[in-house]
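Shown here: final_1.pdb, PDB, C-alpha atoms and all ligand atoms.
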ATOM      1  CA  MET G  53      73.193  98.085  98.312
ATOM      2  CA  ARG G  54      76.977  98.032  98.310
ATOM      3  CA  ARG G  55      78.549 100.488  95.944
ATOM      4  CA  LYS G  56      80.965  98.998  93.406
ATOM      5  CA  LEU G  57      84.558 100.095  93.769
ATOM      6  CA  VAL G  58      87.508  99.721  91.414
ATOM      7  CA  ALA G  59      91.000 100.490  92.704
ATOM      8  CA  GLY G  60      94.096 100.580  90.535
ATOM      9  CA  ASN G  61      97.334  99.436  92.138
ATOM     10  CA  TRP G  62     100.070 100.892  89.961
ATOM     11  CA  LYS G  63     102.794  99.085  91.948
ATOM     12  CA  MET G  64     106.267 100.452  91.101
ATOM     13  CA  HIS G  65     105.376 101.777  87.654
ATOM     14  CA  GLY G  66     105.065 105.246  86.207
ATOM     15  CA  SER G  67     106.786 108.509  85.409
ATOM     16  CA  LEU G  68     105.582 112.102  85.578
ATOM     17  CA  ALA G  69     104.852 112.161  81.856
ATOM     18  CA  ALA G  70     103.129 108.775  81.617
ATOM     19  CA  ASN G  71     101.126 109.375  84.802
ATOM     20  CA  GLN G  72      99.865 112.697  83.510
ATOM     21  CA  ARG G  73      98.296 111.077  80.456
ATOM     22  CA  LEU G  74      96.870 108.202  82.476
ATOM     23  CA  LEU G  75      95.448 110.376  85.263
ATOM     24  CA  GLU G  76      93.883 112.827  82.827
ATOM     25  CA  ALA G  77      92.239 110.006  80.877
ATOM     26  CA  VAL G  78      90.895 108.445  84.089
ATOM     27  CA  ARG G  79      89.660 111.826  85.296
ATOM     28  CA  GLU G  80      87.751 112.407  82.055
ATOM     29  CA  ALA G  81      86.172 108.949  81.907
ATOM     30  CA  CYS G  82      85.693 107.867  85.525
ATOM     31  CA  GLY G  83      84.638 111.091  87.122
ATOM     32  CA  GLU G  84      80.907 110.485  86.900
ATOM     33  CA  PRO G  85      79.120 110.784  90.208
ATOM     34  CA  GLY G  86      76.887 107.761  90.770
ATOM     35  CA  GLY G  87      79.095 105.388  88.760
ATOM     36  CA  ALA G  88      81.431 102.917  90.417
ATOM     37  CA  GLU G  89      83.828 104.498  92.875
ATOM     38  CA  CYS G  90      87.202 104.761  91.224
ATOM     39  CA  VAL G  91      90.563 104.929  93.055
ATOM     40  CA  VAL G  92      94.194 104.985  91.921
ATOM     41  CA  CYS G  93      96.926 103.873  94.318
ATOM     42  CA  VAL G  94     100.092 105.467  92.994
ATOM     43  CA  PRO G  95     103.739 105.300  94.120
ATOM     44  CA  PHE G  96     104.395 107.764  96.972
ATOM     45  CA  PRO G  97     106.402 110.307  94.928
ATOM     46  CA  TYR G  98     103.444 110.799  92.599
ATOM     47  CA  LEU G  99     100.799 111.525  95.232
ATOM     48  CA  ALA G 100     101.102 115.268  94.686
ATOM     49  CA  GLN G 101     100.606 114.750  90.965
ATOM     50  CA  ALA G 102      97.520 112.592  91.577
ATOM     51  CA  ALA G 103      96.162 115.267  93.932
ATOM     52  CA  SER G 104      96.727 117.989  91.389
ATOM     53  CA  VAL G 105      95.093 116.127  88.478
ATOM     54  CA  LEU G 106      92.254 114.458  90.403
ATOM     55  CA  GLY G 107      91.514 117.029  93.106
ATOM     56  CA  GLY G 108      87.892 118.169  93.023
ATOM     57  CA  THR G 109      86.758 115.140  90.958
ATOM     58  CA  PRO G 110      85.028 111.985  92.244
ATOM     59  CA  VAL G 111      88.163 109.907  91.479
ATOM     60  CA  ALA G 112      90.044 109.155  94.703
ATOM     61  CA  TRP G 113      93.701 108.280  95.208
ATOM     62  CA  GLY G 114      95.670 106.394  97.788
ATOM     63  CA  GLY G 115      98.939 104.832  98.892
ATOM     64  CA  GLN G 116     100.063 101.268  98.262
ATOM     65  CA  ASN G 117     101.399 100.838 101.783
ATOM     66  CA  VAL G 118     101.468 102.721 105.079
ATOM     67  CA  SER G 119     103.643 102.544 108.155
ATOM     68  CA  GLU G 120     102.230 100.980 111.288
ATOM     69  CA  HIS G 121     103.819 103.886 113.203
ATOM     70  CA  ASP G 122     102.457 107.428 113.366
ATOM     71  CA  SER G 123     105.873 109.139 113.268
ATOM     72  CA  GLY G 124     109.440 108.594 114.432
ATOM     73  CA  ALA G 125     112.822 107.204 113.455
ATOM     74  CA  TYR G 126     111.661 104.805 110.742
ATOM     75  CA  THR G 127     113.861 105.526 107.741
ATOM     76  CA  GLY G 128     112.105 105.093 104.438
ATOM     77  CA  GLU G 129     108.627 104.730 105.911
ATOM     78  CA  VAL G 130     105.545 106.839 105.148
ATOM     79  CA  SER G 131     102.850 107.510 107.754
ATOM     80  CA  GLY G 132      99.116 107.664 107.368
ATOM     81  CA  ALA G 133      99.116 111.365 108.277
ATOM     82  CA  MET G 134     101.549 112.015 105.412
ATOM     83  CA  LEU G 135      99.209 110.244 103.011
ATOM     84  CA  ARG G 136      96.328 112.337 104.314
ATOM     85  CA  ASP G 137      98.422 115.463 103.793
ATOM     86  CA  PHE G 138      98.420 114.612 100.099
ATOM     87  CA  GLY G 139      94.665 114.046 100.015
ATOM     88  CA  CYS G 140      94.709 110.237 100.035
ATOM     89  CA  ARG G 141      91.471 108.581 101.044
ATOM     90  CA  TYR G 142      92.755 104.994 100.811
ATOM     91  CA  ALA G 143      95.793 102.874 101.623
ATOM     92  CA  ILE G 144      96.397  99.300 100.541
ATOM     93  CA  VAL G 145      97.585  97.127 103.435
ATOM     94  CA  GLY G 146      98.871  93.577 103.410
ATOM     95  CA  HIS G 147      99.322  93.206  99.662
ATOM     96  CA  SER G 148     100.803  89.763  98.970
ATOM     97  CA  GLU G 149     103.916  91.390  97.486
ATOM     98  CA  ARG G 150     104.479  93.203 100.794
ATOM     99  CA  ARG G 151     103.899  89.957 102.667
ATOM    100  CA  SER G 152     106.143  87.767 100.518
ATOM    101  CA  LEU G 153     108.910  90.171  99.407
ATOM    102  CA  TYR G 154     109.147  92.359 102.514
ATOM    103  CA  GLY G 155     108.188  89.866 105.205
ATOM    104  CA  GLU G 156     105.054  91.595 106.465
ATOM    105  CA  ARG G 157     103.370  89.334 108.979
ATOM    106  CA  ASP G 158      99.701  89.190 109.909
ATOM    107  CA  SER G 159     100.305  91.144 113.113
ATOM    108  CA  GLN G 160     102.129  93.920 111.239
ATOM    109  CA  VAL G 161      99.385  94.075 108.626
ATOM    110  CA  ALA G 162      96.855  94.448 111.446
ATOM    111  CA  ALA G 163      98.930  97.299 112.909
ATOM    112  CA  LYS G 164      99.079  99.002 109.495
ATOM    113  CA  PHE G 165      95.318  98.650 109.109
ATOM    114  CA  GLN G 166      94.814 100.412 112.435
ATOM    115  CA  ALA G 167      97.419 103.088 111.662
ATOM    116  CA  ALA G 168      95.635 103.863 108.394
ATOM    117  CA  GLN G 169      92.352 104.279 110.238
ATOM    118  CA  ARG G 170      93.912 106.434 112.957
ATOM    119  CA  ALA G 171      94.958 108.796 110.174
ATOM    120  CA  GLY G 172      91.482 108.845 108.651
ATOM    121  CA  LEU G 173      92.304 106.603 105.687
ATOM    122  CA  THR G 174      90.183 103.714 104.458
ATOM    123  CA  PRO G 175      92.383 100.618 104.435
ATOM    124  CA  ILE G 176      92.062  98.175 101.553
ATOM    125  CA  LEU G 177      93.052  94.960 103.322
ATOM    126  CA  CYS G 178      94.402  92.262 100.980
ATOM    127  CA  VAL G 179      94.200  88.557 101.716
ATOM    128  CA  GLY G 180      94.917  85.575  99.477
ATOM    129  CA  GLU G 181      96.425  82.129  99.253
ATOM    130  CA  THR G 182      99.320  80.798  97.184
ATOM    131  CA  LEU G 183      98.822  78.068  94.582
ATOM    132  CA  GLU G 184     100.455  75.562  96.903
ATOM    133  CA  GLU G 185      98.063  76.476  99.697
ATOM    134  CA  ARG G 186      95.083  76.192  97.350
ATOM    135  CA  ASN G 187      96.251  72.800  96.111
ATOM    136  CA  GLN G 188      96.534  71.639  99.713
ATOM    137  CA  GLY G 189      92.941  72.672 100.320
ATOM    138  CA  ALA G 190      94.083  75.395 102.731
ATOM    139  CA  THR G 191      92.507  78.439 101.054
ATOM    140  CA  GLU G 192      89.865  79.024 103.717
ATOM    141  CA  GLU G 193      92.338  78.505 106.528
ATOM    142  CA  VAL G 194      94.847  80.978 105.035
ATOM    143  CA  VAL G 195      92.464  83.797 104.162
ATOM    144  CA  GLY G 196      90.620  83.211 107.431
ATOM    145  CA  ARG G 197      93.844  83.542 109.400
ATOM    146  CA  GLN G 198      94.808  86.728 107.519
ATOM    147  CA  LEU G 199      91.376  88.257 108.100
ATOM    148  CA  ASP G 200      91.100  87.165 111.740
ATOM    149  CA  ALA G 201      94.445  88.785 112.558
ATOM    150  CA  VAL G 202      92.901  92.142 111.708
ATOM    151  CA  LEU G 203      89.445  91.398 113.118
ATOM    152  CA  ASN G 204      90.984  90.350 116.428
ATOM    153  CA  ASN G 205      93.203  93.424 116.672
ATOM    154  CA  ALA G 206      91.001  96.153 115.249
ATOM    155  CA  GLY G 207      87.579  94.713 116.123
ATOM    156  CA  VAL G 208      84.776  94.059 113.678
ATOM    157  CA  GLN G 209      83.435  97.623 113.915
ATOM    158  CA  ALA G 210      86.616  98.850 112.236
ATOM    159  CA  PHE G 211      85.433  97.132 109.052
ATOM    160  CA  ALA G 212      82.617  99.661 108.762
ATOM    161  CA  ALA G 213      85.304 101.993 107.371
ATOM    162  CA  ALA G 214      87.425  99.499 105.449
ATOM    163  CA  VAL G 215      87.491  97.532 102.214
ATOM    164  CA  LEU G 216      88.558  93.907 101.890
ATOM    165  CA  ALA G 217      90.289  92.535  98.795
ATOM    166  CA  TYR G 218      90.656  88.864  97.905
ATOM    167  CA  GLU G 219      93.755  88.460  95.765
ATOM    168  CA  PRO G 220      94.792  84.858  95.158
ATOM    169  CA  VAL G 221      98.574  85.005  94.768
ATOM    170  CA  TRP G 222      98.487  82.570  91.829
ATOM    171  CA  ALA G 223      96.265  84.972  89.878
ATOM    172  CA  ILE G 224      98.380  88.109  90.369
ATOM    173  CA  GLY G 225     100.206  89.168  87.239
ATOM    174  CA  THR G 226      99.841  85.701  85.708
ATOM    175  CA  GLY G 227      96.995  86.258  83.258
ATOM    176  CA  HIS G 228      95.140  83.422  85.031
ATOM    177  CA  ASN G 229      92.303  85.040  86.920
ATOM    178  CA  ALA G 230      90.186  83.123  89.406
ATOM    179  CA  THR G 231      86.980  82.046  87.726
ATOM    180  CA  PRO G 232      83.920  83.989  88.830
ATOM    181  CA  ALA G 233      82.794  80.890  90.757
ATOM    182  CA  GLN G 234      86.154  80.536  92.518
ATOM    183  CA  ALA G 235      86.137  84.196  93.471
ATOM    184  CA  GLN G 236      82.527  84.033  94.665
ATOM    185  CA  THR G 237      83.265  81.008  96.862
ATOM    186  CA  VAL G 238      86.056  82.774  98.726
ATOM    187  CA  HIS G 239      84.228  86.114  98.920
ATOM    188  CA  GLU G 240      81.279  84.313 100.481
ATOM    189  CA  ILE G 241      83.585  82.658 103.020
ATOM    190  CA  LEU G 242      85.113  86.020 103.917
ATOM    191  CA  ARG G 243      81.763  87.731 104.283
ATOM    192  CA  ALA G 244      80.427  84.880 106.417
ATOM    193  CA  ARG G 245      83.453  85.182 108.670
ATOM    194  CA  VAL G 246      82.736  88.856 109.269
ATOM    195  CA  ALA G 247      79.004  88.080 109.638
ATOM    196  CA  LYS G 248      79.745  85.760 112.552
ATOM    197  CA  ARG G 249      80.804  88.882 114.439
ATOM    198  CA  ASP G 250      78.376  91.411 112.933
ATOM    199  CA  GLU G 251      75.887  90.390 110.306
ATOM    200  CA  ALA G 252      74.694  93.847 109.267
ATOM    201  CA  LEU G 253      78.218  95.122 108.913
ATOM    202  CA  ALA G 254      79.211  92.099 106.810
ATOM    203  CA  GLY G 255      76.329  92.855 104.482
ATOM    204  CA  SER G 256      77.621  96.346 103.806
ATOM    205  CA  LEU G 257      81.345  95.457 103.519
ATOM    206  CA  SER G 258      82.828  95.858 100.042
ATOM    207  CA  ILE G 259      84.955  92.876  99.025
ATOM    208  CA  LEU G 260      87.063  93.406  95.903
ATOM    209  CA  TYR G 261      88.579  90.712  93.733
ATOM    210  CA  GLY G 262      92.130  91.161  92.431
ATOM    211  CA  GLY G 263      94.288  89.032  90.155
ATOM    212  CA  SER G 264      94.486  89.405  86.375
ATOM    213  CA  VAL G 265      91.279  91.434  86.072
ATOM    214  CA  LYS G 266      91.003  92.675  82.477
ATOM    215  CA  PRO G 267      88.245  94.306  80.432
ATOM    216  CA  ALA G 268      87.418  90.856  79.016
ATOM    217  CA  ASN G 269      86.701  89.205  82.376
ATOM    218  CA  ALA G 270      85.647  92.132  84.595
ATOM    219  CA  ALA G 271      81.898  92.004  83.914
ATOM    220  CA  GLU G 272      81.532  88.309  84.722
ATOM    221  CA  LEU G 273      83.570  88.661  87.920
ATOM    222  CA  PHE G 274      81.633  91.741  89.057
ATOM    223  CA  ALA G 275      78.328  89.973  88.344
ATOM    224  CA  MET G 276      78.967  87.623  91.280
ATOM    225  CA  PRO G 277      76.818  88.552  94.274
ATOM    226  CA  ASP G 278      79.708  88.927  96.731
ATOM    227  CA  VAL G 279      82.204  90.540  94.337
ATOM    228  CA  ASP G 280      81.889  94.286  94.841
ATOM    229  CA  GLY G 281      84.550  95.456  92.426
ATOM    230  CA  GLY G 282      88.217  94.942  91.706
ATOM    231  CA  LEU G 283      91.767  95.682  92.720
ATOM    232  CA  ILE G 284      93.578  96.042  89.443
ATOM    233  CA  GLY G 285      97.312  95.770  88.782
ATOM    234  CA  GLY G 286      98.597  95.620  85.200
ATOM    235  CA  ALA G 287      95.364  96.761  83.564
ATOM    236  CA  SER G 288      95.263  99.890  85.739
ATOM    237  CA  LEU G 289      98.304 101.206  83.845
ATOM    238  CA  VAL G 290      96.470 101.193  80.512
ATOM    239  CA  ALA G 291      93.927 103.998  80.498
ATOM    240  CA  GLU G 292      91.418 102.367  78.175
ATOM    241  CA  ASP G 293      91.560  99.060  80.085
ATOM    242  CA  PHE G 294      91.146 100.681  83.489
ATOM    243  CA  ILE G 295      88.283 102.824  82.197
ATOM    244  CA  ALA G 296      86.585  99.755  80.677
ATOM    245  CA  ILE G 297      86.906  97.906  84.011
ATOM    246  CA  CYS G 298      85.432 100.886  85.896
ATOM    247  CA  SER G 299      82.516 100.978  83.514
ATOM    248  CA  ALA G 300      81.995  97.201  83.870
ATOM    249  CA  ALA G 301      81.712  97.791  87.612
ATOM    250  CA  ALA G 302      79.312 100.695  87.161
ATOM    251  CA  ASN G 303      77.060  98.504  84.997
ATOM    252  CA  ALA G 304      77.248  95.392  87.187
TER     253      ALA G 304
HETATM  254  P1  LIG G 401      97.285  92.123  88.283
HETATM  255  O1  LIG G 401      95.969  92.779  87.978
HETATM  256  O2  LIG G 401      98.419  92.659  87.474
HETATM  257  O3  LIG G 401      97.169  90.622  88.265
HETATM  258  O4  LIG G 401      97.657  92.524  89.806
HETATM  259  C1  LIG G 401      96.703  92.375  90.796
HETATM  260  C2  LIG G 401      97.203  93.044  92.014
HETATM  261  O5  LIG G 401      98.157  92.615  92.636
HETATM  262  C3  LIG G 401      96.505  94.258  92.464
HETATM  263  O6  LIG G 401      96.868  94.609  93.752
END
For the file at hand, write its structure as structure tokens.
Amino acid sequence: MRRKLVAGNWKMHGSLAANQRLLEAVREACGEPGGAECVVCVPFPYLAQAASVLGGTPVAWGGQNVSEHDSGAYTGEVSGAMLRDFGCRYAIVGHSERRSLYGERDSQVAAKFQAAQRAGLTPILCVGETLEERNQGATEEVVGRQLDAVLNNAGVQAFAAAVLAYEPVWAIGTGHNATPAQAQTVHEILRARVAKRDEALAGSLSILYGGSVKPANAAELFAMPDVDGGLIGGASLVAEDFIAICSAAANA
């Protein structure tokens, strides 16, 4: 059975003082072995703080991005090895905000995915369509293209040590989550696409849903057979909401 996983994506939010309260609350509530796996992806400057509060507990932490390069003259970039130095187990790659605001293309996302794995990190690969693409009936084509770019570059076996996240762009930060049925449909498509290359591996791949997940809708989303947890933005900044979502995943 696939283990449920809930990852918080703090985006560019936080401060030392606010993080301390949030991390301590998450540590107290989400540290149960055997529950859902719980991860916080914090801004780079706060990785040391996450390591110091969460070290030695079952709660993992990660980066929100990673360079496709291992080292070199890349001003402002952060490598996978640097994330590992701070105890990260995960790195988000290909978030739609990186794609749309910073021009990350499918090929670059694939390179980041591989760089994360070279460093020993588990990439959380994000795919998702815009509202316009959905209205044009292009959802499958778009998420398929985004997934294939990584499958073709990294090979299907690489997904044995990766997590996939379906995040419809129209659901991110809007308060309009995909319905459980909409999420399930796309998750099933994604899993089938991986299964065409390796059926057993597809069956063990965790596919998270992200986009306006809240305590009120988490349980019904996580009850879907191909929804293995969530990638949480806004609600991951509110300790009681994030904790409630983690416990919904643990009970799903
Ligand atoms: P929200 O949960 O704020 O919609 O953000 C989702 C997201 O982008 C997580 O990566």
Leu74 in chain G surroundings by only C-alpha atoms, 12 Å radius, close-in-sequence under 6 positions cut, as a VMD selection string
chain G and resid 60 62 65 to 68 80 to 82 92 94 101 to 102 105 to 106 287 to 295
Once you count only C-alpha atoms and all ligand atoms, which residues end up within 6 Å of ligand LIG 401 (chain G), and could you hand them over as a list in words?
Asn61, Ala223, Ile224, Gly225, Gly262, Gly263, Ser264, Val265, Leu283, Ile284, Gly285, Gly286 and Ala287 of chain G
Would you kindly translate the PyMOL selection byres (((chain G and resi 173-181) around 6) and not hetatm) into the concrete residues it picks from this file, as a list of chain:residue names?
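On the file shown, the PyMOL selection byres (((chain G and resi 173-181) around 6) and not hetatm) covers G:Arg141, G:Tyr142, G:Ala143, G:Ile144, G:Val145, G:Gly146, G:His147, G:Phe165, G:Ala168, G:Gln169, G:Ala171, G:Gly172, G:Thr182, G:Glu185, G:Thr191, G:Val195, G:Ala213, G:Ala214, G:Val215, G:Leu216, G:Ala217, G:Tyr218, G:Glu219, G:Pro220, G:Val221.
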Can you list, as a PyMOL selection string, every protein, DNA or RNA residue that comes within 12 Å of range 203-206 of chain G when you count only C-alpha atoms, leaving out same-chain residues fewer than 5 positions away?
chain G and resi 158-170+175+177+196-198+211-214+216+242+245-250
Could you tell me how far CA of Leu257 in chain G lies from CA of Ser148 in chain G, in Å and to one decimal?
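For CA of Leu257 in chain G relative to CA of Ser148 in chain G, the distance reads 20.8 Å.
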Proximity to Val91 in chain G - best of G:Gly281, G:Glu149, G:Gln236, G:Gly132, only C-alpha atoms
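Result for the nearest residue to Val91 in chain G: G:Gly281.
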